Every structure is written in structure tokens, then in C-alpha cells.
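First up is the structure itself, then whatever we jot down about it.
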Amino acid sequence: MTRNLLTDGEARRLYDQAALLANLGAWECELATTRLCWTDGVYDLFGLPRGSTLHRPSTVDLYHGESRREMERLRAGIIRSGGSFVLDARIRSVCGEERWMRLTAEASFLHGRPDRIYGTKQNVTREKEMWQGLRRLAYSDPLTGLANRRAFEAEMRELRGHAETGPALGMLALIDLDLFKQINDELGHAAGDECLRQVAARLEATLPGEPLIARIGGDEFAALLCSTAGLLPLKQRLMQTLNALRRPVRWKGRTIDVSATIGATLIRPGRHHDPEQLFAEADSALYVAKAAGRGQLHLFGAALDHAAADATPPGSREVLHVC
């Protein structure tokens with residue numbers, strides 16, 4: 001029986017081939033001099049010519065800001081205390097291509113002092129894009145293209161126990177279509193679906209750049225709004241939204257009358273937030289607005305100022321009540 005023993009050169013060649021197939025490369029940094037040593041896979045990842053001279057500050061500049069800060073923090077930690085880390089970092093190749101890199105690093109010590117760090121760098125862009133695509137599918141509403149209830153609840157969980165320290169005032173708005181069941185019953189679900197699609201498009205058009213717009217139920221939508229200019233711009237945006245949702249929907253040569261009712265509550269800076277309480281407040285405001293006649297806006301716990309009243313668009317009604 002013969003044993004197929006690989007020479008060092010053959011083993012290195014096989015390793016290099018496998019590493020390139022896996023978009024993987026090895027790296028090392030001498031701490032005393034910051035001298036870098038890369039295999040071909042790392043050069044390819046950053047888009048640099050293989051074997052070219054490396055300067056650590058230049059390569060670090062290819063990291064996106066947040067990834068760069070996290071990498072430097074973790075790097076300092078293993079230099080100080082030993083150990084290792086794994087980090088998925090966003091980088092930009094020298095030709096401007098956005099990529100994701102999985103970085104592994106470990107510190108080596110000589111006579112009790114750190115002398116080098118080393119590890120692997122792997123291009124995981126396709127993996128990230130796949131998972132991001134799956135996340136989009138999991139967190140988007142297939143009918144309207146908006147975020148779905150799962151995405152809305154995830155965003156609301158981010159508010160739990162979090163106190164905003166900046167100047168921005170936030171608002172949670174619940175938007176409910178009026179008499180939507182009647183549209184489905186009289187014209188069919190295809191007509192109802194078209195109404196939902198057009199409502200979603202109008203919400204995106206009247207609330208551009210807001211943190212989140214979601215469809216959270218059959219005919220229920222939610223939006224998180226933000227303003228650094230106080231309450232008035234938030235109310236104006238919601239009144240503009242009411243007007244936009246009041247326009248009839250055209251479907252198969254006929255006109256479908258639609259309208260919506262909005263209940264909203266404030267997310268004040270400097271306070272801790274309970275998502276369930278915020279939702280309950282907005283839902284309570286929505287109930288009051290519907291009881292007052294639908295097609296209206298109700299703000300939970302907010303006083304009406306004269307400037308907002310003067311700015312209310314013609315033909316719109318705003319009901320405000322301190323609950």
C-alpha cells in the first residue's frame with residue numbers, strides 16, 4: 001500500500017487553489033512596523049494588483065466608516081488582551097465596487113508582548129446579497145411593496161427603552177381605509193387590491209424619506225415620521241396624506257371612491273418609549289377619529305396650535321382631542 005504524501009510545494013499549491021475558489025485569502029500585520037503581508041485572495045478582494053506594495057492607512061480607508069470603527073476597536077482589544085474575533089465588514093474596492101468581507105483575526109505574542117496579528121479575509125458579498133434578498137422578501141408586503149407587519153414590529157422593538165437625545169420629534173401614525181370591506185363586497189378583491197396598491201403609492205409619495213411606511217393588516221397601514229422642526233410639519237404631512245388618499249382610484253374604466261382615517265401619537269425626544277403603549281395610543285386616536293365621522297386626523301395627547309389650524313388644507317378636517 002502506497003501513501004500519497006504531498007510535498008510542501010504541492011500542499012501550498014492546493015491550498016492556494018482552494019482559497020481562491022472560496023474567495024479567501026490570508027493576511028498578517030507586524031505590529032512594530034505595521035508591515036502587511038497578503039496572499040493573492042486578499043489583493044483580489046480589495047481590487048489591488050497582486051504583489052503590490054501595501055500601506056495600512058490606505059487599505060483601512062477602503063472600509064466603510066462604521067465597519068472601520070468596529071474593526072479598529074476589535075483589533076485594539078486583541079492586541080491589548082489577546083484572543084480573536086470575526087467581523088463582517090463593508091468595504092469599497094479601489095475601483096469603487098461595494099463588497100462585504102468576513103475578517104478573522106488573532107493576536108500572536110512573543111515574550112508576553114503582542115508582535116503580530118493575522119487571519120483571513122473572505123469575499124462574502126454574494127452571501128450577504130442572498131440574505132438581504134431573503135430579508136426583503138420576509139419583511140415586505142408582496143401586494144404593495146411596502147414593509148410588512150413583521151418589519152413594522154421589528155422597527156417598533158427598536159424603540160423599546162430607547163431615549164432619543166437629538167432634537168427630532170417622532171410620530172407613529174396608523175392609517176385605516178374607510179369602508180374598505182364595502183369595496184371588496186361590491187366590486188371584488190381585484191378592485192380592493194388595486195385600491196391598496198394605489199394607497200401605498202400615495203403614502204410613499206406624500207411621506208418621502210420617512211423612517212418607515214408599512215402595511216400592517218388588510219386595510220391598515222402605519223408610518224413612523226420624524227421632524228426636527230417640531231409638531232407642525234408632522235401634522236401638515238399627515239393632512240396632506242389625508243387629502244392624497246381622498247382622491248378616487250381608477251380601475252378598469254371606473255372610479256372608486258376612497259378615503260382614510262388617521263390616528264397618531266407623538267414619540268418625544270428625551271423619553272423612553274414603550275412600543276405597545278405607543279401603538280395603543282395611536283389606535284385609541286384612530287378609534288376617536290373614526291367615531292367622529294371618518295376621513296379625519298386625530299392626535300393623541302397633543303394640543304392644537306393656531307399655526308397648524310391656519311395651515312390645514314382646504315376641504316380637510318382635523319379633529320384633535322387630548323386623551
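In the C-alpha cells, chains take the letters A, B, ... in the order shown, each chain's residues start at 1, and ligands count up from 1 in the order shown.
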
Proximity of range 117-232 of chain A to range 65-76 of chain A: per-residue shortest pair, 12 Å limit, only C-alpha atoms, as a tab-separated table:
```
residue	atom	partner	partner_atom	distance
A:Ile117	CA	A:Arg75	CA	8.5
A:Tyr118	CA	A:Arg75	CA	10.5
A:Gly119	CA	A:Arg75	CA	11.6
```

Can you spit out the residues from that selection as a PDB file, in the first residue's frame, using all heavy atoms?
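So selection_12.pdb came out as:
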```
ATOM      1  N   ILE A 117      -0.566  40.346  14.326  1.00  0.00           N
ATOM      2  CA  ILE A 117      -1.917  39.801  14.238  1.00  0.00           C
ATOM      3  C   ILE A 117      -2.068  39.208  12.839  1.00  0.00           C
ATOM      4  O   ILE A 117      -1.441  39.667  11.877  1.00  0.00           O
ATOM      5  CB  ILE A 117      -3.003  40.858  14.511  1.00  0.00           C
ATOM      6  CG1 ILE A 117      -2.830  42.084  13.614  1.00  0.00           C
ATOM      7  CG2 ILE A 117      -3.018  41.267  15.973  1.00  0.00           C
ATOM      8  CD1 ILE A 117      -3.929  43.111  13.785  1.00  0.00           C
ATOM      9  N   TYR A 118      -2.907  38.214  12.726  1.00  0.00           N
ATOM     10  CA  TYR A 118      -3.026  37.514  11.448  1.00  0.00           C
ATOM     11  C   TYR A 118      -4.420  36.898  11.350  1.00  0.00           C
ATOM     12  O   TYR A 118      -5.164  36.815  12.342  1.00  0.00           O
ATOM     13  CB  TYR A 118      -1.968  36.416  11.345  1.00  0.00           C
ATOM     14  CG  TYR A 118      -2.084  35.361  12.416  1.00  0.00           C
ATOM     15  CD1 TYR A 118      -2.816  34.193  12.197  1.00  0.00           C
ATOM     16  CD2 TYR A 118      -1.484  35.547  13.667  1.00  0.00           C
ATOM     17  CE1 TYR A 118      -2.940  33.240  13.195  1.00  0.00           C
ATOM     18  CE2 TYR A 118      -1.611  34.594  14.667  1.00  0.00           C
ATOM     19  CZ  TYR A 118      -2.341  33.441  14.433  1.00  0.00           C
ATOM     20  OH  TYR A 118      -2.479  32.504  15.421  1.00  0.00           O
ATOM     21  N   GLY A 119      -4.758  36.437  10.153  1.00  0.00           N
ATOM     22  CA  GLY A 119      -6.060  35.809   9.986  1.00  0.00           C
ATOM     23  C   GLY A 119      -6.420  35.638   8.526  1.00  0.00           C
ATOM     24  O   GLY A 119      -5.540  35.506   7.665  1.00  0.00           O
TER      25      GLY A 119
END
```

- Task: May I have the residues within 12 Å of Gly293 in chain A as JSON, numbers by chain, using only C-alpha atoms and disregarding those fewer than 4 positions away in the same chain?
- Result: {"A": [178, 179, 259, 260, 261, 262, 286, 287, 288, 289, 297, 298, 317, 318, 319]}

Please write the residues from the selection above to a file, keeping N, CA and C atoms, as a PDB file, in the first residue's frame.
```pdb
ATOM      1  N   ASP A 178     -61.296  53.760   4.883  1.00  0.00           N
ATOM      2  CA  ASP A 178     -62.697  53.803   5.287  1.00  0.00           C
ATOM      3  C   ASP A 178     -63.540  52.905   4.388  1.00  0.00           C
ATOM      4  N   LEU A 179     -64.395  52.102   4.998  1.00  0.00           N
ATOM      5  CA  LEU A 179     -65.372  51.276   4.289  1.00  0.00           C
ATOM      6  C   LEU A 179     -64.730  50.407   3.214  1.00  0.00           C
ATOM      7  N   SER A 259     -61.226  56.863   0.926  1.00  0.00           N
ATOM      8  CA  SER A 259     -60.794  57.845   1.925  1.00  0.00           C
ATOM      9  C   SER A 259     -60.132  57.075   3.059  1.00  0.00           C
ATOM     10  N   ALA A 260     -59.514  57.800   3.961  1.00  0.00           N
ATOM     11  CA  ALA A 260     -58.812  57.149   5.066  1.00  0.00           C
ATOM     12  C   ALA A 260     -58.958  57.983   6.327  1.00  0.00           C
ATOM     13  N   THR A 261     -58.738  57.322   7.451  1.00  0.00           N
ATOM     14  CA  THR A 261     -58.736  57.969   8.757  1.00  0.00           C
ATOM     15  C   THR A 261     -57.387  57.693   9.410  1.00  0.00           C
ATOM     16  N   ILE A 262     -56.869  58.697  10.121  1.00  0.00           N
ATOM     17  CA  ILE A 262     -55.532  58.573  10.726  1.00  0.00           C
ATOM     18  C   ILE A 262     -55.594  58.868  12.214  1.00  0.00           C
ATOM     19  N   LEU A 286     -57.066  56.655  16.557  1.00  0.00           N
ATOM     20  CA  LEU A 286     -57.750  56.226  15.331  1.00  0.00           C
ATOM     21  C   LEU A 286     -59.222  55.942  15.618  1.00  0.00           C
ATOM     22  N   TYR A 287     -59.495  55.286  16.732  1.00  0.00           N
ATOM     23  CA  TYR A 287     -60.880  54.972  17.106  1.00  0.00           C
ATOM     24  C   TYR A 287     -61.693  56.251  17.295  1.00  0.00           C
ATOM     25  N   VAL A 288     -61.100  57.248  17.955  1.00  0.00           N
ATOM     26  CA  VAL A 288     -61.801  58.517  18.183  1.00  0.00           C
ATOM     27  C   VAL A 288     -62.084  59.207  16.851  1.00  0.00           C
ATOM     28  N   ALA A 289     -61.109  59.205  15.943  1.00  0.00           N
ATOM     29  CA  ALA A 289     -61.303  59.849  14.644  1.00  0.00           C
ATOM     30  C   ALA A 289     -62.409  59.170  13.850  1.00  0.00           C
ATOM     31  N   LEU A 297     -58.122  63.274  10.930  1.00  0.00           N
ATOM     32  CA  LEU A 297     -56.880  63.043  11.677  1.00  0.00           C
ATOM     33  C   LEU A 297     -57.130  63.337  13.141  1.00  0.00           C
ATOM     34  N   HIS A 298     -56.703  62.437  13.983  1.00  0.00           N
ATOM     35  CA  HIS A 298     -56.783  62.668  15.425  1.00  0.00           C
ATOM     36  C   HIS A 298     -55.409  62.420  16.027  1.00  0.00           C
ATOM     37  N   ARG A 317     -60.556  68.113   7.357  1.00  0.00           N
ATOM     38  CA  ARG A 317     -60.969  68.310   8.737  1.00  0.00           C
ATOM     39  C   ARG A 317     -59.937  67.676   9.638  1.00  0.00           C
ATOM     40  N   GLU A 318     -59.628  68.372  10.699  1.00  0.00           N
ATOM     41  CA  GLU A 318     -58.678  67.832  11.676  1.00  0.00           C
ATOM     42  C   GLU A 318     -59.351  67.818  13.038  1.00  0.00           C
ATOM     43  N   VAL A 319     -59.461  66.677  13.632  1.00  0.00           N
ATOM     44  CA  VAL A 319     -60.029  66.535  14.950  1.00  0.00           C
ATOM     45  C   VAL A 319     -58.888  66.271  15.922  1.00  0.00           C
TER      46      VAL A 319
END
```

- Query: Using only C-alpha atoms, which of A:Leu5, A:Val124, A:Leu299, A:Ala200 sits nearest Pro142 in chain A?
  - Reply: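 Looking at the shortest contact to Pro142 in chain A, the residue is A:Ala200.
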
- If you run DSSP over the backbone, which residues in range 101-152 of chain A end up strand (DSSP E or B)? Put them as a list of chain:residue names.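 Assigned to strand (DSSP E or B), within range 101-152 of chain A: A:Met101, A:Arg102, A:Leu103, A:Thr104, A:Ala105, A:Glu106, A:Ala107, A:Ser108, A:Phe109, A:Leu110, A:Arg113, A:Pro114, A:Asp115, A:Arg116, A:Ile117, A:Tyr118, A:Gly119, A:Thr120, A:Lys121, A:Gln122, A:Asn123, A:Ser140, A:Ala147.
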
Restrict the calculation to only C-alpha atoms, then for each residue of range 57-167 of chain A with any atom at most 12 Å from an atom of range 36-51 of chain A give the closest atom pair and their distance in Å to one decimal, rows by chain and rising residue number, as JSON lines.
```
{"residue": "A:Pro57", "atom": "CA", "partner": "A:Leu36", "partner_atom": "CA", "distance": 10.8}
{"residue": "A:Ser58", "atom": "CA", "partner": "A:Phe46", "partner_atom": "CA", "distance": 11.0}
{"residue": "A:Thr59", "atom": "CA", "partner": "A:Phe46", "partner_atom": "CA", "distance": 8.1}
{"residue": "A:Val60", "atom": "CA", "partner": "A:Phe46", "partner_atom": "CA", "distance": 10.6}
{"residue": "A:Asp61", "atom": "CA", "partner": "A:Phe46", "partner_atom": "CA", "distance": 11.1}
{"residue": "A:Leu62", "atom": "CA", "partner": "A:Phe46", "partner_atom": "CA", "distance": 8.0}
{"residue": "A:Tyr63", "atom": "CA", "partner": "A:Phe46", "partner_atom": "CA", "distance": 9.9}
{"residue": "A:Arg90", "atom": "CA", "partner": "A:Phe46", "partner_atom": "CA", "distance": 11.2}
{"residue": "A:Ile91", "atom": "CA", "partner": "A:Phe46", "partner_atom": "CA", "distance": 8.0}
{"residue": "A:Arg92", "atom": "CA", "partner": "A:Phe46", "partner_atom": "CA", "distance": 7.3}
{"residue": "A:Ser93", "atom": "CA", "partner": "A:Phe46", "partner_atom": "CA", "distance": 4.6}
{"residue": "A:Val94", "atom": "CA", "partner": "A:Gly47", "partner_atom": "CA", "distance": 5.6}
{"residue": "A:Cys95", "atom": "CA", "partner": "A:Gly47", "partner_atom": "CA", "distance": 6.8}
{"residue": "A:Gly96", "atom": "CA", "partner": "A:Gly47", "partner_atom": "CA", "distance": 9.1}
{"residue": "A:Glu97", "atom": "CA", "partner": "A:Gly47", "partner_atom": "CA", "distance": 8.7}
{"residue": "A:Glu98", "atom": "CA", "partner": "A:Phe46", "partner_atom": "CA", "distance": 10.0}
{"residue": "A:Arg99", "atom": "CA", "partner": "A:Leu45", "partner_atom": "CA", "distance": 8.2}
{"residue": "A:Trp100", "atom": "CA", "partner": "A:Leu45", "partner_atom": "CA", "distance": 9.3}
{"residue": "A:Met101", "atom": "CA", "partner": "A:Leu45", "partner_atom": "CA", "distance": 8.0}
{"residue": "A:Arg102", "atom": "CA", "partner": "A:Leu45", "partner_atom": "CA", "distance": 10.7}
{"residue": "A:Leu103", "atom": "CA", "partner": "A:Val42", "partner_atom": "CA", "distance": 10.5}
{"residue": "A:Arg116", "atom": "CA", "partner": "A:Leu36", "partner_atom": "CA", "distance": 9.9}
{"residue": "A:Ile117", "atom": "CA", "partner": "A:Leu36", "partner_atom": "CA", "distance": 9.9}
{"residue": "A:Tyr118", "atom": "CA", "partner": "A:Cys37", "partner_atom": "CA", "distance": 9.2}
{"residue": "A:Gly119", "atom": "CA", "partner": "A:Trp38", "partner_atom": "CA", "distance": 10.0}
{"residue": "A:Thr120", "atom": "CA", "partner": "A:Val42", "partner_atom": "CA", "distance": 8.3}
{"residue": "A:Lys121", "atom": "CA", "partner": "A:Val42", "partner_atom": "CA", "distance": 6.2}
{"residue": "A:Gln122", "atom": "CA", "partner": "A:Val42", "partner_atom": "CA", "distance": 7.5}
{"residue": "A:Asn123", "atom": "CA", "partner": "A:Leu45", "partner_atom": "CA", "distance": 6.2}
{"residue": "A:Val124", "atom": "CA", "partner": "A:Leu45", "partner_atom": "CA", "distance": 9.9}
{"residue": "A:Thr125", "atom": "CA", "partner": "A:Leu45", "partner_atom": "CA", "distance": 10.2}
```

Write a file of the just-selected residues containing N, CA, C and O atoms, as a tab-separated table (two decimals), in the first residue's frame.
```tsv
chain	number	residue	atom	x	y	z
A	57	PRO	N	-2.68	52.48	6.28
A	57	PRO	CA	-3.68	53.56	6.27
A	57	PRO	C	-4.51	53.59	4.99
A	57	PRO	O	-5.71	53.86	5.02
A	58	SER	N	-3.88	53.29	3.85
A	58	SER	CA	-4.62	53.32	2.58
A	58	SER	C	-5.64	52.19	2.51
A	58	SER	O	-6.75	52.39	2.00
A	59	THR	N	-5.27	51.02	3.01
A	59	THR	CA	-6.23	49.91	2.96
A	59	THR	C	-7.35	50.11	3.97
A	59	THR	O	-8.51	49.78	3.69
A	60	VAL	N	-7.04	50.67	5.13
A	60	VAL	CA	-8.08	50.93	6.13
A	60	VAL	C	-9.09	51.95	5.60
A	60	VAL	O	-10.29	51.88	5.91
A	61	ASP	N	-8.65	52.88	4.77
A	61	ASP	CA	-9.55	53.87	4.17
A	61	ASP	C	-10.59	53.23	3.26
A	61	ASP	O	-11.60	53.87	2.92
A	62	LEU	N	-10.35	51.98	2.83
A	62	LEU	CA	-11.31	51.31	1.96
A	62	LEU	C	-12.47	50.69	2.74
A	62	LEU	O	-13.42	50.18	2.14
A	63	TYR	N	-12.41	50.71	4.07
A	63	TYR	CA	-13.52	50.26	4.90
A	63	TYR	C	-14.57	51.38	4.99
A	63	TYR	O	-14.22	52.56	5.06
A	90	ARG	N	-18.08	46.06	5.69
A	90	ARG	CA	-18.33	46.62	4.36
A	90	ARG	C	-17.08	47.36	3.90
A	90	ARG	O	-16.51	48.16	4.64
A	91	ILE	N	-16.66	47.07	2.66
A	91	ILE	CA	-15.51	47.74	2.09
A	91	ILE	C	-15.84	48.22	0.69
A	91	ILE	O	-16.87	47.85	0.11
A	92	ARG	N	-14.98	49.05	0.15
A	92	ARG	CA	-15.10	49.50	-1.23
A	92	ARG	C	-13.77	49.22	-1.92
A	92	ARG	O	-12.71	49.64	-1.46
A	93	SER	N	-13.81	48.45	-3.02
A	93	SER	CA	-12.57	48.14	-3.73
A	93	SER	C	-11.98	49.41	-4.33
A	93	SER	O	-12.66	50.44	-4.41
A	94	VAL	N	-10.73	49.34	-4.78
A	94	VAL	CA	-10.09	50.53	-5.33
A	94	VAL	C	-10.78	51.03	-6.59
A	94	VAL	O	-10.65	52.19	-6.96
A	95	CYS	N	-11.57	50.16	-7.25
A	95	CYS	CA	-12.33	50.60	-8.44
A	95	CYS	C	-13.75	51.02	-8.07
A	95	CYS	O	-14.58	51.25	-8.96
A	96	GLY	N	-14.05	51.11	-6.77
A	96	GLY	CA	-15.33	51.64	-6.32
A	96	GLY	C	-16.44	50.62	-6.14
A	96	GLY	O	-17.58	51.00	-5.88
A	97	GLU	N	-16.14	49.33	-6.23
A	97	GLU	CA	-17.17	48.31	-6.09
A	97	GLU	C	-17.43	48.02	-4.62
A	97	GLU	O	-16.50	47.80	-3.84
A	98	GLU	N	-18.72	48.05	-4.24
A	98	GLU	CA	-19.11	47.77	-2.85
A	98	GLU	C	-19.04	46.27	-2.59
A	98	GLU	O	-19.58	45.47	-3.36
A	99	ARG	N	-18.38	45.88	-1.48
A	99	ARG	CA	-18.22	44.48	-1.15
A	99	ARG	C	-18.37	44.25	0.34
A	99	ARG	O	-18.21	45.17	1.14
A	100	TRP	N	-18.69	43.00	0.68
A	100	TRP	CA	-18.69	42.56	2.07
A	100	TRP	C	-17.53	41.60	2.29
A	100	TRP	O	-17.29	40.72	1.47
A	101	MET	N	-16.83	41.78	3.39
A	101	MET	CA	-15.66	40.97	3.71
A	101	MET	C	-15.84	40.35	5.10
A	101	MET	O	-16.19	41.05	6.05
A	102	ARG	N	-15.58	39.04	5.19
A	102	ARG	CA	-15.56	38.39	6.51
A	102	ARG	C	-14.12	38.35	6.99
A	102	ARG	O	-13.28	37.66	6.40
A	103	LEU	N	-13.85	39.08	8.01
A	103	LEU	CA	-12.50	39.23	8.55
A	103	LEU	C	-12.35	38.40	9.82
A	103	LEU	O	-13.15	38.53	10.75
A	116	ARG	N	2.35	40.42	16.42
A	116	ARG	CA	1.68	40.44	15.12
A	116	ARG	C	0.25	39.99	15.30
A	116	ARG	O	-0.11	39.36	16.29
A	117	ILE	N	-0.57	40.35	14.33
A	117	ILE	CA	-1.92	39.80	14.24
A	117	ILE	C	-2.07	39.21	12.84
A	117	ILE	O	-1.44	39.67	11.88
A	118	TYR	N	-2.91	38.21	12.73
A	118	TYR	CA	-3.03	37.51	11.45
A	118	TYR	C	-4.42	36.90	11.35
A	118	TYR	O	-5.16	36.82	12.34
A	119	GLY	N	-4.76	36.44	10.15
A	119	GLY	CA	-6.06	35.81	9.99
A	119	GLY	C	-6.42	35.64	8.53
A	119	GLY	O	-5.54	35.51	7.67
A	120	THR	N	-7.72	35.67	8.25
A	120	THR	CA	-8.22	35.50	6.88
A	120	THR	C	-9.16	36.64	6.53
A	120	THR	O	-9.76	37.29	7.41
A	121	LYS	N	-9.29	36.87	5.23
A	121	LYS	CA	-10.26	37.82	4.69
A	121	LYS	C	-10.95	37.13	3.52
A	121	LYS	O	-10.27	36.64	2.61
A	122	GLN	N	-12.29	37.11	3.57
A	122	GLN	CA	-13.05	36.38	2.57
A	122	GLN	C	-14.14	37.27	1.99
A	122	GLN	O	-14.84	37.98	2.71
A	123	ASN	N	-14.28	37.21	0.67
A	123	ASN	CA	-15.33	37.95	-0.02
A	123	ASN	C	-16.66	37.22	0.18
A	123	ASN	O	-16.86	36.13	-0.34
A	124	VAL	N	-17.58	37.81	0.96
A	124	VAL	CA	-18.87	37.18	1.23
A	124	VAL	C	-20.01	38.04	0.67
A	124	VAL	O	-21.14	38.00	1.15
A	125	THR	N	-19.71	38.81	-0.39
A	125	THR	CA	-20.71	39.72	-0.96
A	125	THR	C	-21.93	38.96	-1.44
A	125	THR	O	-23.07	39.36	-1.17
```

- Item | Nearest to Gln296 in chain A by atom-to-atom distance, counting only C-alpha atoms, from A:Ala154, A:Leu242, A:Ala190, A:Leu196 |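 Checking each of A:Ala154, A:Leu242, A:Ala190, A:Leu196 against Gln296 in chain A, counting only C-alpha atoms, the winner is A:Leu242.
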
- Excluding same-chain residues fewer than 2 positions from range 244-258 of chain A, what lies within 9 Å of it counting only C-alpha atoms, as an MDAnalysis selection string? chainID A and resid 177:180 183 191 194:195 198:199 202:203 206 239:242 260 295

Output file for the residues above (all heavy atoms, as a tab-separated table (two decimals), in the first residue's frame):
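Output below, filename selection-v7.tsv:
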```tsv
chain	number	residue	atom	x	y	z
A	177	LEU	N	-58.16	52.54	5.94
A	177	LEU	CA	-59.05	52.89	4.85
A	177	LEU	C	-60.50	52.80	5.32
A	177	LEU	O	-60.87	51.86	6.02
A	177	LEU	CB	-58.83	51.97	3.65
A	177	LEU	CG	-57.44	52.02	3.00
A	177	LEU	CD1	-57.46	51.22	1.70
A	177	LEU	CD2	-57.02	53.45	2.72
A	178	ASP	N	-61.30	53.76	4.88
A	178	ASP	CA	-62.70	53.80	5.29
A	178	ASP	C	-63.54	52.90	4.39
A	178	ASP	O	-63.42	52.95	3.15
A	178	ASP	CB	-63.22	55.24	5.21
A	178	ASP	CG	-62.46	56.18	6.14
A	178	ASP	OD1	-62.04	55.72	7.22
A	178	ASP	OD2	-62.27	57.35	5.78
A	179	LEU	N	-64.40	52.10	5.00
A	179	LEU	CA	-65.37	51.28	4.29
A	179	LEU	C	-64.73	50.41	3.21
A	179	LEU	O	-65.30	50.19	2.14
A	179	LEU	CB	-66.45	52.17	3.67
A	179	LEU	CG	-67.19	53.09	4.67
A	179	LEU	CD1	-68.15	54.00	3.93
A	179	LEU	CD2	-67.92	52.27	5.73
A	180	PHE	N	-63.54	49.89	3.51
A	180	PHE	CA	-62.83	49.09	2.52
A	180	PHE	C	-63.56	47.77	2.25
A	180	PHE	O	-63.57	47.28	1.12
A	180	PHE	CB	-61.40	48.82	3.00
A	180	PHE	CG	-60.58	48.01	2.04
A	180	PHE	CD1	-60.15	48.55	0.84
A	180	PHE	CD2	-60.25	46.69	2.33
A	180	PHE	CE1	-59.40	47.81	-0.06
A	180	PHE	CE2	-59.50	45.94	1.43
A	180	PHE	CZ	-59.08	46.50	0.24
A	183	ILE	N	-65.91	47.97	-0.59
A	183	ILE	CA	-65.31	47.91	-1.94
A	183	ILE	C	-65.11	46.46	-2.33
A	183	ILE	O	-65.45	46.04	-3.45
A	183	ILE	CB	-63.96	48.67	-1.95
A	183	ILE	CG1	-64.19	50.16	-1.70
A	183	ILE	CG2	-63.23	48.45	-3.29
A	183	ILE	CD1	-62.91	50.96	-1.54
A	191	ALA	N	-60.47	44.67	-7.30
A	191	ALA	CA	-60.63	46.12	-7.14
A	191	ALA	C	-60.04	46.57	-5.81
A	191	ALA	O	-59.36	47.60	-5.73
A	191	ALA	CB	-62.10	46.50	-7.23
A	194	GLU	N	-56.28	46.70	-6.02
A	194	GLU	CA	-55.80	47.88	-6.75
A	194	GLU	C	-55.87	49.12	-5.86
A	194	GLU	O	-54.97	49.97	-5.89
A	194	GLU	CB	-56.62	48.10	-8.02
A	194	GLU	CG	-56.18	49.30	-8.85
A	194	GLU	CD	-54.73	49.21	-9.32
A	194	GLU	OE1	-54.17	48.09	-9.40
A	194	GLU	OE2	-54.15	50.28	-9.60
A	195	CYS	N	-56.92	49.23	-5.06
A	195	CYS	CA	-57.01	50.35	-4.12
A	195	CYS	C	-55.84	50.34	-3.14
A	195	CYS	O	-55.23	51.38	-2.86
A	195	CYS	CB	-58.33	50.30	-3.36
A	195	CYS	SG	-59.78	50.70	-4.36
A	198	GLN	N	-52.62	51.49	-4.87
A	198	GLN	CA	-52.58	52.93	-5.11
A	198	GLN	C	-52.44	53.71	-3.81
A	198	GLN	O	-51.77	54.75	-3.76
A	198	GLN	CB	-53.81	53.37	-5.90
A	198	GLN	CG	-53.82	52.85	-7.33
A	198	GLN	CD	-54.75	53.63	-8.24
A	198	GLN	OE1	-54.98	54.82	-8.04
A	198	GLN	NE2	-55.28	52.95	-9.25
A	199	VAL	N	-53.07	53.23	-2.76
A	199	VAL	CA	-52.90	53.87	-1.45
A	199	VAL	C	-51.44	53.80	-1.01
A	199	VAL	O	-50.87	54.79	-0.53
A	199	VAL	CB	-53.81	53.19	-0.41
A	199	VAL	CG1	-53.38	53.55	1.01
A	199	VAL	CG2	-55.26	53.61	-0.64
A	202	ARG	N	-49.44	56.34	-2.88
A	202	ARG	CA	-49.69	57.70	-2.41
A	202	ARG	C	-49.01	57.97	-1.07
A	202	ARG	O	-48.53	59.08	-0.81
A	202	ARG	CB	-51.20	57.93	-2.31
A	202	ARG	CG	-51.91	57.91	-3.66
A	202	ARG	CD	-53.42	58.02	-3.52
A	202	ARG	NE	-54.08	57.75	-4.79
A	202	ARG	CZ	-55.40	57.80	-4.96
A	202	ARG	NH1	-56.18	58.11	-3.93
A	202	ARG	NH2	-55.94	57.55	-6.15
A	203	LEU	N	-48.99	56.96	-0.21
A	203	LEU	CA	-48.28	57.12	1.06
A	203	LEU	C	-46.79	57.38	0.83
A	203	LEU	O	-46.19	58.25	1.48
A	203	LEU	CB	-48.46	55.87	1.94
A	203	LEU	CG	-49.86	55.66	2.54
A	203	LEU	CD1	-49.92	54.32	3.25
A	203	LEU	CD2	-50.22	56.79	3.49
A	206	THR	N	-46.40	61.02	-0.53
A	206	THR	CA	-46.66	62.13	0.39
A	206	THR	C	-45.78	62.08	1.64
A	206	THR	O	-45.67	63.09	2.35
A	206	THR	CB	-48.14	62.14	0.84
A	206	THR	OG1	-48.48	60.87	1.41
A	206	THR	CG2	-49.05	62.44	-0.35
A	239	MET	N	-51.96	65.69	7.13
A	239	MET	CA	-53.13	66.28	6.47
A	239	MET	C	-52.99	66.19	4.96
A	239	MET	O	-53.96	65.92	4.23
A	239	MET	CB	-53.30	67.74	6.92
A	239	MET	CG	-53.65	67.90	8.39
A	239	MET	SD	-55.09	66.92	8.91
A	239	MET	CE	-56.38	67.70	7.95
A	240	GLN	N	-51.77	66.37	4.44
A	240	GLN	CA	-51.54	66.20	3.01
A	240	GLN	C	-51.80	64.75	2.60
A	240	GLN	O	-52.33	64.48	1.52
A	240	GLN	CB	-50.11	66.62	2.66
A	240	GLN	CG	-49.86	68.11	2.78
A	240	GLN	CD	-48.38	68.46	2.77
A	240	GLN	OE1	-47.51	67.58	2.70
A	240	GLN	NE2	-48.07	69.75	2.85
A	241	THR	N	-51.42	63.84	3.50
A	241	THR	CA	-51.67	62.42	3.22
A	241	THR	C	-53.17	62.14	3.15
A	241	THR	O	-53.64	61.42	2.25
A	241	THR	CB	-51.02	61.55	4.30
A	241	THR	OG1	-49.61	61.76	4.29
A	241	THR	CG2	-51.31	60.08	4.08
A	242	LEU	N	-53.94	62.70	4.08
A	242	LEU	CA	-55.39	62.53	4.04
A	242	LEU	C	-55.97	63.02	2.72
A	242	LEU	O	-56.83	62.37	2.12
A	242	LEU	CB	-56.04	63.27	5.20
A	242	LEU	CG	-56.15	62.56	6.55
A	242	LEU	CD1	-56.90	63.44	7.54
A	242	LEU	CD2	-56.82	61.22	6.42
A	260	ALA	N	-59.51	57.80	3.96
A	260	ALA	CA	-58.81	57.15	5.07
A	260	ALA	C	-58.96	57.98	6.33
A	260	ALA	O	-59.25	59.19	6.28
A	260	ALA	CB	-57.35	56.96	4.72
A	295	GLY	N	-62.40	59.85	7.75
A	295	GLY	CA	-61.76	60.82	6.86
A	295	GLY	C	-61.07	61.95	7.59
A	295	GLY	O	-60.91	63.04	7.05
```

- Query: Which is closest to Leu146 in chain A among A:Ile175, A:Ala280, A:Cys29, A:Leu212, if we use only C-alpha atoms?
  - Reply: A:Leu212

- Message: What does the structure give for the distance between CA of Leu24 in chain A and CA of Ser84 in chain A, in Å to one decimal?
- Response: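 About the pair CA of Leu24 in chain A and CA of Ser84 in chain A: they are 17.9 Å apart.
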
- Top pick for closest residue to Leu231 in chain A, considering A:Leu20, A:Gly170, A:Leu143, A:Gly25 and counting only C-alpha atoms: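 For Leu231 in chain A, the nearest of the candidates is A:Gly170.
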